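Q: Below is target22.txt; it holds compact mmCIF, C-alpha atoms and all ligand atoms.
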# COMPACT_ATOMS: atom_id res chain seq x y z
CA MET A 1 -1.45 -32.39 -55.16
CA LYS A 2 -2.34 -34.27 -51.99
CA ARG A 3 1.30 -34.70 -51.06
CA LYS A 4 1.97 -31.02 -51.53
CA ARG A 5 -0.83 -30.19 -49.17
CA ILE A 6 0.42 -32.60 -46.52
CA LEU A 7 3.90 -31.13 -46.78
CA ALA A 8 2.49 -27.66 -46.43
CA LEU A 9 0.56 -28.76 -43.36
CA ILE A 10 3.68 -30.28 -41.78
CA ALA A 11 5.61 -27.12 -42.52
CA ALA A 12 2.89 -25.00 -40.98
CA MET A 13 2.82 -27.16 -37.86
CA ALA A 14 6.59 -27.07 -37.52
CA PHE A 15 6.47 -23.32 -37.85
CA ALA A 16 3.77 -23.02 -35.22
CA MET A 17 5.74 -25.17 -32.80
CA LEU A 18 8.88 -23.11 -33.31
CA ALA A 19 6.91 -19.94 -32.79
CA LEU A 20 5.41 -21.28 -29.56
CA ALA A 21 8.80 -22.40 -28.27
CA GLY A 22 10.19 -19.00 -29.13
CA CYS A 23 7.79 -16.97 -27.09
CA GLY A 24 6.97 -19.44 -24.34
CA GLY A 25 10.16 -18.68 -22.50
CA ASN A 26 11.35 -20.73 -19.58
CA PRO A 27 8.26 -21.78 -17.66
CA ASN A 28 10.32 -22.02 -14.49
CA ALA A 29 11.74 -18.55 -14.79
CA SER A 30 10.99 -16.64 -11.64
CA SER A 31 12.07 -13.28 -12.93
CA SER A 32 9.47 -11.30 -14.74
CA ALA A 33 11.21 -10.63 -18.03
CA SER A 34 8.58 -9.21 -20.29
CA GLY A 35 7.26 -11.66 -22.80
CA SER A 36 8.27 -14.60 -20.62
CA GLY A 37 4.64 -15.66 -20.43
CA ALA A 38 4.53 -15.47 -16.64
CA LYS A 39 1.48 -13.62 -15.40
CA VAL A 40 2.65 -10.48 -13.71
CA LEU A 41 0.66 -8.28 -11.36
CA LYS A 42 2.08 -4.77 -11.44
CA VAL A 43 1.52 -3.15 -8.07
CA GLY A 44 2.16 0.45 -7.07
CA SER A 45 3.07 1.45 -3.52
CA SER A 46 4.55 4.45 -1.77
CA ILE A 47 7.46 2.79 0.03
CA ASP A 48 7.63 5.19 2.96
CA PHE A 49 5.16 3.77 5.46
CA ALA A 50 6.69 1.32 7.93
CA PRO A 51 5.51 -1.24 8.96
CA PHE A 52 3.28 -1.49 5.86
CA GLU A 53 5.82 -0.72 3.14
CA PHE A 54 9.43 0.27 3.62
CA GLN A 55 12.96 -0.50 2.56
CA ASP A 56 15.80 -0.99 5.00
CA GLU A 57 19.09 0.59 4.12
CA GLY A 58 21.22 -1.76 2.06
CA GLN A 59 18.26 -4.08 1.45
CA LYS A 60 16.99 -4.73 -2.02
CA ASP A 61 13.51 -6.01 -1.26
CA TYR A 62 10.64 -3.89 -0.13
CA GLN A 63 9.19 -5.21 3.09
CA GLY A 64 6.24 -4.78 5.39
CA PHE A 65 2.72 -6.02 6.05
CA ASP A 66 1.32 -4.84 2.71
CA MET A 67 4.25 -6.32 0.81
CA ASP A 68 3.81 -9.75 2.40
CA LEU A 69 0.04 -9.59 1.93
CA ILE A 70 0.14 -8.69 -1.76
CA ARG A 71 2.76 -11.37 -2.43
CA ALA A 72 0.53 -13.94 -0.71
CA ILE A 73 -2.45 -12.73 -2.76
CA GLY A 74 -0.42 -12.86 -5.98
CA LYS A 75 0.72 -16.38 -5.19
CA GLU A 76 -2.86 -17.44 -4.59
CA MET A 77 -3.85 -15.93 -7.95
CA GLY A 78 -0.92 -17.55 -9.76
CA TYR A 79 0.64 -14.17 -10.51
CA GLU A 80 4.10 -12.92 -9.98
CA VAL A 81 4.04 -9.61 -8.09
CA GLU A 82 6.15 -6.73 -9.31
CA ILE A 83 6.24 -3.68 -7.04
CA GLN A 84 6.78 -0.12 -8.21
CA ASN A 85 7.68 2.59 -5.73
CA LEU A 86 5.67 5.74 -6.46
CA GLY A 87 4.81 8.90 -4.51
CA PHE A 88 1.58 8.45 -2.57
CA ASP A 89 -0.24 11.17 -4.48
CA GLY A 90 0.83 9.53 -7.76
CA LEU A 91 -0.71 6.13 -7.02
CA ILE A 92 -4.28 6.70 -8.22
CA PRO A 93 -3.08 8.51 -11.36
CA ALA A 94 -0.77 5.52 -12.06
CA LEU A 95 -3.78 3.19 -11.82
CA GLN A 96 -5.80 5.41 -14.11
CA ALA A 97 -2.96 5.58 -16.64
CA LYS A 98 -2.71 1.75 -16.48
CA ASN A 99 0.92 1.97 -15.42
CA VAL A 100 0.05 -0.40 -12.57
CA ASP A 101 -2.73 -2.98 -12.14
CA ALA A 102 -3.29 -2.50 -8.43
CA VAL A 103 -2.20 -0.33 -5.50
CA ILE A 104 -1.46 -1.49 -1.97
CA SER A 105 -0.19 1.33 0.18
CA GLY A 106 -2.02 1.58 3.47
CA MET A 107 -4.65 3.28 1.34
CA THR A 108 -7.89 4.15 3.10
CA ILE A 109 -11.15 3.26 1.41
CA ASN A 110 -13.25 6.42 1.11
CA ASP A 111 -15.95 7.89 -1.10
CA ASP A 112 -13.70 10.45 -2.79
CA ARG A 113 -11.39 7.71 -3.99
CA LYS A 114 -14.26 5.39 -4.84
CA ALA A 115 -15.29 7.92 -7.46
CA ASN A 116 -12.03 7.12 -9.28
CA VAL A 117 -11.03 3.55 -8.42
CA LEU A 118 -12.39 0.23 -7.20
CA PHE A 119 -11.37 -1.20 -3.84
CA SER A 120 -10.94 -4.73 -2.57
CA GLU A 121 -12.65 -5.78 0.64
CA PRO A 122 -11.01 -4.04 3.64
CA TYR A 123 -7.85 -5.78 4.86
CA TYR A 124 -6.74 -3.66 7.84
CA GLN A 125 -8.45 -1.39 10.33
CA SER A 126 -6.63 1.85 11.04
CA GLY A 127 -7.23 5.47 12.00
CA LEU A 128 -5.48 8.78 12.52
CA THR A 129 -3.58 9.96 15.57
CA MET A 130 -1.23 12.80 16.33
CA VAL A 131 2.43 12.97 17.32
CA VAL A 132 3.88 15.97 19.19
CA ARG A 133 7.22 16.78 20.84
CA GLU A 134 7.66 15.16 24.22
CA ASP A 135 7.75 18.49 26.05
CA GLU A 136 4.59 19.76 24.32
CA GLU A 137 2.09 21.10 26.89
CA GLY A 138 -0.29 23.10 24.72
CA ILE A 139 -1.63 20.27 22.53
CA LYS A 140 -3.61 17.54 24.24
CA THR A 141 -6.47 16.94 21.77
CA PHE A 142 -7.22 17.66 18.12
CA ASN A 143 -9.20 20.72 19.23
CA ASP A 144 -5.96 22.27 20.43
CA LEU A 145 -4.57 22.35 16.88
CA LYS A 146 -6.32 25.63 15.99
CA GLY A 147 -3.68 28.23 15.21
CA LYS A 148 -0.93 25.57 15.17
CA LYS A 149 1.26 24.24 12.39
CA VAL A 150 0.71 20.61 11.44
CA ALA A 151 2.63 18.40 9.00
CA VAL A 152 0.86 15.69 6.97
CA GLN A 153 1.77 13.53 4.01
CA ILE A 154 0.45 14.99 0.77
CA GLY A 155 -2.60 13.32 -0.76
CA THR A 156 -3.54 11.43 2.39
CA THR A 157 -6.64 11.23 4.55
CA SER A 158 -4.59 13.06 7.22
CA ALA A 159 -4.24 16.04 4.91
CA GLU A 160 -8.00 16.06 4.33
CA ALA A 161 -8.90 15.57 7.99
CA VAL A 162 -6.62 18.34 9.27
CA LYS A 163 -7.85 20.79 6.65
CA LYS A 164 -11.39 20.01 7.76
CA LEU A 165 -10.58 20.94 11.37
CA GLY A 166 -10.24 24.54 10.20
CA GLY A 167 -7.89 27.21 11.46
CA VAL A 168 -4.85 24.95 11.21
CA GLU A 169 -1.77 25.80 9.19
CA VAL A 170 -1.23 22.62 7.17
CA LYS A 171 2.17 21.71 5.75
CA GLU A 172 1.88 18.96 3.14
CA LEU A 173 5.14 17.05 2.76
CA ASN A 174 6.16 14.12 0.56
CA THR A 175 6.61 11.42 3.19
CA PRO A 176 5.78 10.73 6.84
CA ALA A 177 9.54 10.74 7.52
CA ASP A 178 9.70 14.32 6.24
CA CYS A 179 6.82 15.18 8.58
CA PHE A 180 8.56 13.73 11.64
CA MET A 181 11.79 15.52 10.74
CA GLU A 182 9.90 18.78 10.50
CA LEU A 183 8.38 18.14 13.94
CA LYS A 184 11.75 17.46 15.54
CA GLY A 185 13.22 20.51 13.82
CA LYS A 186 10.35 22.58 15.27
CA GLY A 187 9.09 23.59 11.84
CA VAL A 188 5.65 22.31 12.93
CA ASP A 189 3.88 21.65 16.25
CA ALA A 190 2.34 18.28 15.39
CA VAL A 191 2.18 15.48 12.83
CA VAL A 192 -1.11 13.77 11.97
CA ASN A 193 -0.68 10.33 10.44
CA ASP A 194 -1.95 6.74 10.57
CA ARG A 195 -1.78 5.26 14.09
CA PRO A 196 0.15 2.02 13.31
CA VAL A 197 2.78 4.03 11.45
CA ASN A 198 3.10 6.47 14.36
CA ASP A 199 3.37 3.49 16.72
CA TYR A 200 6.13 1.96 14.66
CA PHE A 201 7.99 5.25 14.38
CA ILE A 202 7.94 5.79 18.12
CA HIS A 203 8.46 2.25 19.39
CA LYS A 204 10.50 0.53 16.70
CA SER A 205 12.61 3.17 15.04
CA GLY A 206 14.29 4.12 18.30
CA THR A 207 13.32 7.75 17.90
CA THR A 208 13.23 9.99 20.97
CA GLY A 209 11.83 13.37 21.90
CA VAL A 210 8.30 12.77 20.59
CA LYS A 211 5.08 11.20 21.87
CA GLN A 212 1.81 10.00 20.39
CA LEU A 213 -1.46 11.25 21.84
CA GLU A 214 -4.25 8.79 22.62
CA GLU A 215 -7.10 10.44 20.79
CA ARG A 216 -8.14 9.05 17.40
CA LEU A 217 -9.42 11.52 14.86
CA THR A 218 -10.89 8.89 12.51
CA SER A 219 -11.40 5.19 12.04
CA GLU A 220 -10.37 3.98 8.57
CA ASP A 221 -10.14 0.74 6.60
CA TYR A 222 -7.35 -0.03 4.17
CA GLY A 223 -8.15 -1.59 0.80
CA ILE A 224 -6.30 -2.59 -2.35
CA ALA A 225 -7.17 -0.20 -5.18
CA ILE A 226 -7.85 -1.32 -8.75
CA ALA A 227 -8.70 0.63 -11.91
CA LYS A 228 -12.35 1.59 -12.18
CA ASP A 229 -12.91 -0.52 -15.30
CA ASN A 230 -11.24 -3.66 -13.97
CA ALA A 231 -13.95 -5.37 -11.93
CA GLU A 232 -12.52 -8.70 -13.07
CA LEU A 233 -9.23 -8.09 -11.24
CA GLN A 234 -11.12 -6.76 -8.22
CA LYS A 235 -12.98 -10.06 -8.04
CA LYS A 236 -9.80 -12.11 -8.38
CA ILE A 237 -8.08 -10.11 -5.66
CA ASP A 238 -11.08 -10.42 -3.33
CA GLU A 239 -11.21 -14.17 -3.84
CA ALA A 240 -7.48 -14.51 -3.19
CA LEU A 241 -7.69 -12.24 -0.11
CA LYS A 242 -10.48 -14.44 1.25
CA LYS A 243 -8.38 -17.56 0.75
CA VAL A 244 -5.33 -15.95 2.36
CA LYS A 245 -7.53 -15.14 5.36
CA GLU A 246 -9.10 -18.61 5.53
CA SER A 247 -5.79 -20.45 5.25
CA GLY A 248 -4.32 -18.66 8.27
CA GLU A 249 -1.66 -16.96 6.11
CA TYR A 250 -3.16 -13.54 6.88
CA ASP A 251 -2.89 -14.15 10.63
CA LYS A 252 0.73 -15.21 10.23
CA ILE A 253 1.59 -12.04 8.33
CA PHE A 254 -0.33 -9.96 10.87
CA ALA A 255 1.52 -11.55 13.78
CA LYS A 256 4.86 -10.99 12.05
CA TRP A 257 4.34 -7.22 11.90
CA PHE A 258 1.97 -6.42 14.75
CA GLY A 259 2.35 -9.20 17.27
CA GLU A 260 -0.88 -10.92 18.23
CA LYS A 261 -3.98 -10.62 16.05
CA LYS A 262 -6.48 -8.08 17.32
N1 LIG B 1 -4.20 5.83 5.08
C1 LIG B 1 -3.83 7.11 4.59
C2 LIG B 1 -4.53 7.39 3.27
O1 LIG B 1 -5.01 6.51 2.65
C3 LIG B 1 -2.33 7.25 4.41
C4 LIG B 1 -1.68 6.25 3.53
C5 LIG B 1 -0.23 6.59 3.22
N2 LIG B 1 0.44 5.50 2.63
C6 LIG B 1 1.74 5.48 2.31
N3 LIG B 1 2.26 4.40 1.81
N4 LIG B 1 2.47 6.55 2.50
O2 LIG B 1 -4.58 8.47 2.82
Produce structure tokens that represent the structure in this file.

A:
Amino acid sequence: MKRKRILALIAAMAFAMLALAGCGGNPNASSSASGSGAKVLKVGSSIDFAPFEFQDEGQKDYQGFDMDLIRAIGKEMGYEVEIQNLGFDGLIPALQAKNVDAVISGMTINDDRKANVLFSEPYYQSGLTMVVREDEEGIKTFNDLKGKKVAVQIGTTSAEAVKKLGGVEVKELNTPADCFMELKGKGVDAVVNDRPVNDYFIHKSGTTGVKQLEERLTSEDYGIAIAKDNAELQKKIDEALKKVKESGEYDKIFAKWFGEKK
């Protein structure tokens, strides 16, 4: 009787060990094969917003300030970061459907969005400016947009802000690149978009024939969005963001994409 029980116990232990070995996977595996046991943070982003998130032709990896920041945060948390490219207006729905755990996408923290998602502490200070054709004489300030056609990315704070101006014909397009193309093709008179992205488009992409106006329509803070019911992840992300700032890693990433820290 006793022996039988001991044998059964040994068998059960052997079985448990096999089972553990079977699903533990390779602890050193860096790829995120599902079931490998590695903790994966699924992050959604609209990869159309240089220098925050973009993909160079022929390059596999997404790059930009947000991409480096979320990878640094993930590393701090002990998570592997997996990025999914989604349309900007599909990001909050993806969070709500639990298709992604977090969103980093130059997303402005505002009350409308706070009704649907949680945000991390702010990680970047931004705001909206306007780009017009170089030979444009009639548009010098946002007040001059009445009766004009303006392109904005769909689902953004630019779309909201321009609609609020009133009397403007707003064209909502899928990406900022589409907006700039429309401007150059004279389908619209101006593009309203986030200042650092306009800066990058004008100074780094080698584009010609357009200029950015000085005036800022808004001041906005970017945050990482998390599902409304996931305060635990919000806390983890905030702690990691704090550490990334304290360690000097944030400043390094900032300098890489924007030059000196403001
Ligand atoms: N900051 C603006 C907003 O939150 C625009 C963000 C657009 N981001 C992007 N990856 N296209 O609405």

Q: For the atom pair CA of Leu41 (chain A) and CA of Leu241 (chain A), what is the interatomic distance in Å to one decimal place?

A: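 CA of Leu241 (chain A) lies at a distance of 14.6 Å from CA of Leu41 (chain A).
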
Q: So, with only C-alpha atoms as the atoms that count, which of A:Lys211, A:His203, A:Lys171, A:Lys75 lies closest to Arg133 (chain A)?

A: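 The shortest atom-to-atom distance to Arg133 (chain A) comes from A:Lys211.
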
Q: Just want the residues within 8 Å of ligand LIG 1 (chain B), written as a PDB file with C-alpha atoms, in the coordinates of the input, counting only C-alpha atoms and all ligand atoms.

A:
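The result, stored in selection-v4.pdb:
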ATOM      1  CA  SER A  45       3.070   1.450  -3.520  1.00  0.00           C
ATOM      2  CA  SER A  46       4.550   4.450  -1.770  1.00  0.00           C
ATOM      3  CA  ILE A  47       7.460   2.790   0.030  1.00  0.00           C
ATOM      4  CA  ASP A  48       7.630   5.190   2.960  1.00  0.00           C
ATOM      5  CA  PHE A  49       5.160   3.770   5.460  1.00  0.00           C
ATOM      6  CA  PHE A  52       3.280  -1.490   5.860  1.00  0.00           C
ATOM      7  CA  GLU A  53       5.820  -0.720   3.140  1.00  0.00           C
ATOM      8  CA  GLY A  87       4.810   8.900  -4.510  1.00  0.00           C
ATOM      9  CA  PHE A  88       1.580   8.450  -2.570  1.00  0.00           C
ATOM     10  CA  ILE A 104      -1.460  -1.490  -1.970  1.00  0.00           C
ATOM     11  CA  SER A 105      -0.190   1.330   0.180  1.00  0.00           C
ATOM     12  CA  GLY A 106      -2.020   1.580   3.470  1.00  0.00           C
ATOM     13  CA  MET A 107      -4.650   3.280   1.340  1.00  0.00           C
ATOM     14  CA  THR A 108      -7.890   4.150   3.100  1.00  0.00           C
ATOM     15  CA  ILE A 109     -11.150   3.260   1.410  1.00  0.00           C
ATOM     16  CA  SER A 126      -6.630   1.850  11.040  1.00  0.00           C
ATOM     17  CA  GLY A 127      -7.230   5.470  12.000  1.00  0.00           C
ATOM     18  CA  GLN A 153       1.770  13.530   4.010  1.00  0.00           C
ATOM     19  CA  GLY A 155      -2.600  13.320  -0.760  1.00  0.00           C
ATOM     20  CA  THR A 156      -3.540  11.430   2.390  1.00  0.00           C
ATOM     21  CA  THR A 157      -6.640  11.230   4.550  1.00  0.00           C
ATOM     22  CA  SER A 158      -4.590  13.060   7.220  1.00  0.00           C
ATOM     23  CA  ALA A 159      -4.240  16.040   4.910  1.00  0.00           C
ATOM     24  CA  THR A 175       6.610  11.420   3.190  1.00  0.00           C
ATOM     25  CA  PRO A 176       5.780  10.730   6.840  1.00  0.00           C
ATOM     26  CA  ASN A 193      -0.680  10.330  10.440  1.00  0.00           C
ATOM     27  CA  ASP A 194      -1.950   6.740  10.570  1.00  0.00           C
ATOM     28  CA  GLU A 220     -10.370   3.980   8.570  1.00  0.00           C
ATOM     29  CA  ASP A 221     -10.140   0.740   6.600  1.00  0.00           C
ATOM     30  CA  TYR A 222      -7.350  -0.030   4.170  1.00  0.00           C
TER      31      TYR A 222
END

Q: Find the residues near Glu137 (chain A): any atom within 12 Å, counting only C-alpha atoms, skip ones fewer than 4 places away on the same chain, and give them as a VMD selection string.

A: chain A and resid 132 to 133 141 144 189 to 190 211 213

Q: What's the separation between CA of Glu134 (chain A) and CA of Lys184 (chain A), in Å to one decimal place?

A: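 CA of Lys184 (chain A) lies at a distance of 9.9 Å from CA of Glu134 (chain A).
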
Q: Just want the 12 Å neighbourhood of Asn110 (chain A), counted on only C-alpha atoms, with same-chain residues fewer than 4 positions away dropped. Output as a list in words.

A: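 Here the answer would be Lys114, Ala115, Asn116, Val117, Leu118, Phe119, Ser120, Pro122, Thr156, Thr157, Glu160, Thr218, Ser219, Glu220, Asp221, Tyr222, Gly223, Ile224 and Ala225 of chain A.
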
Q: Could you work out how far CA of Ala72 (chain A) lies from CA of Lys243 (chain A), giving the answer in Å with one decimal?

A: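 Those two atoms sit 9.7 Å apart.
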
Q: I'd like to know which of A:Leu69, A:Met77, A:Ala227, A:Ala255 is closest to Ala97 (chain A), using only C-alpha atoms.

A: A:Ala227
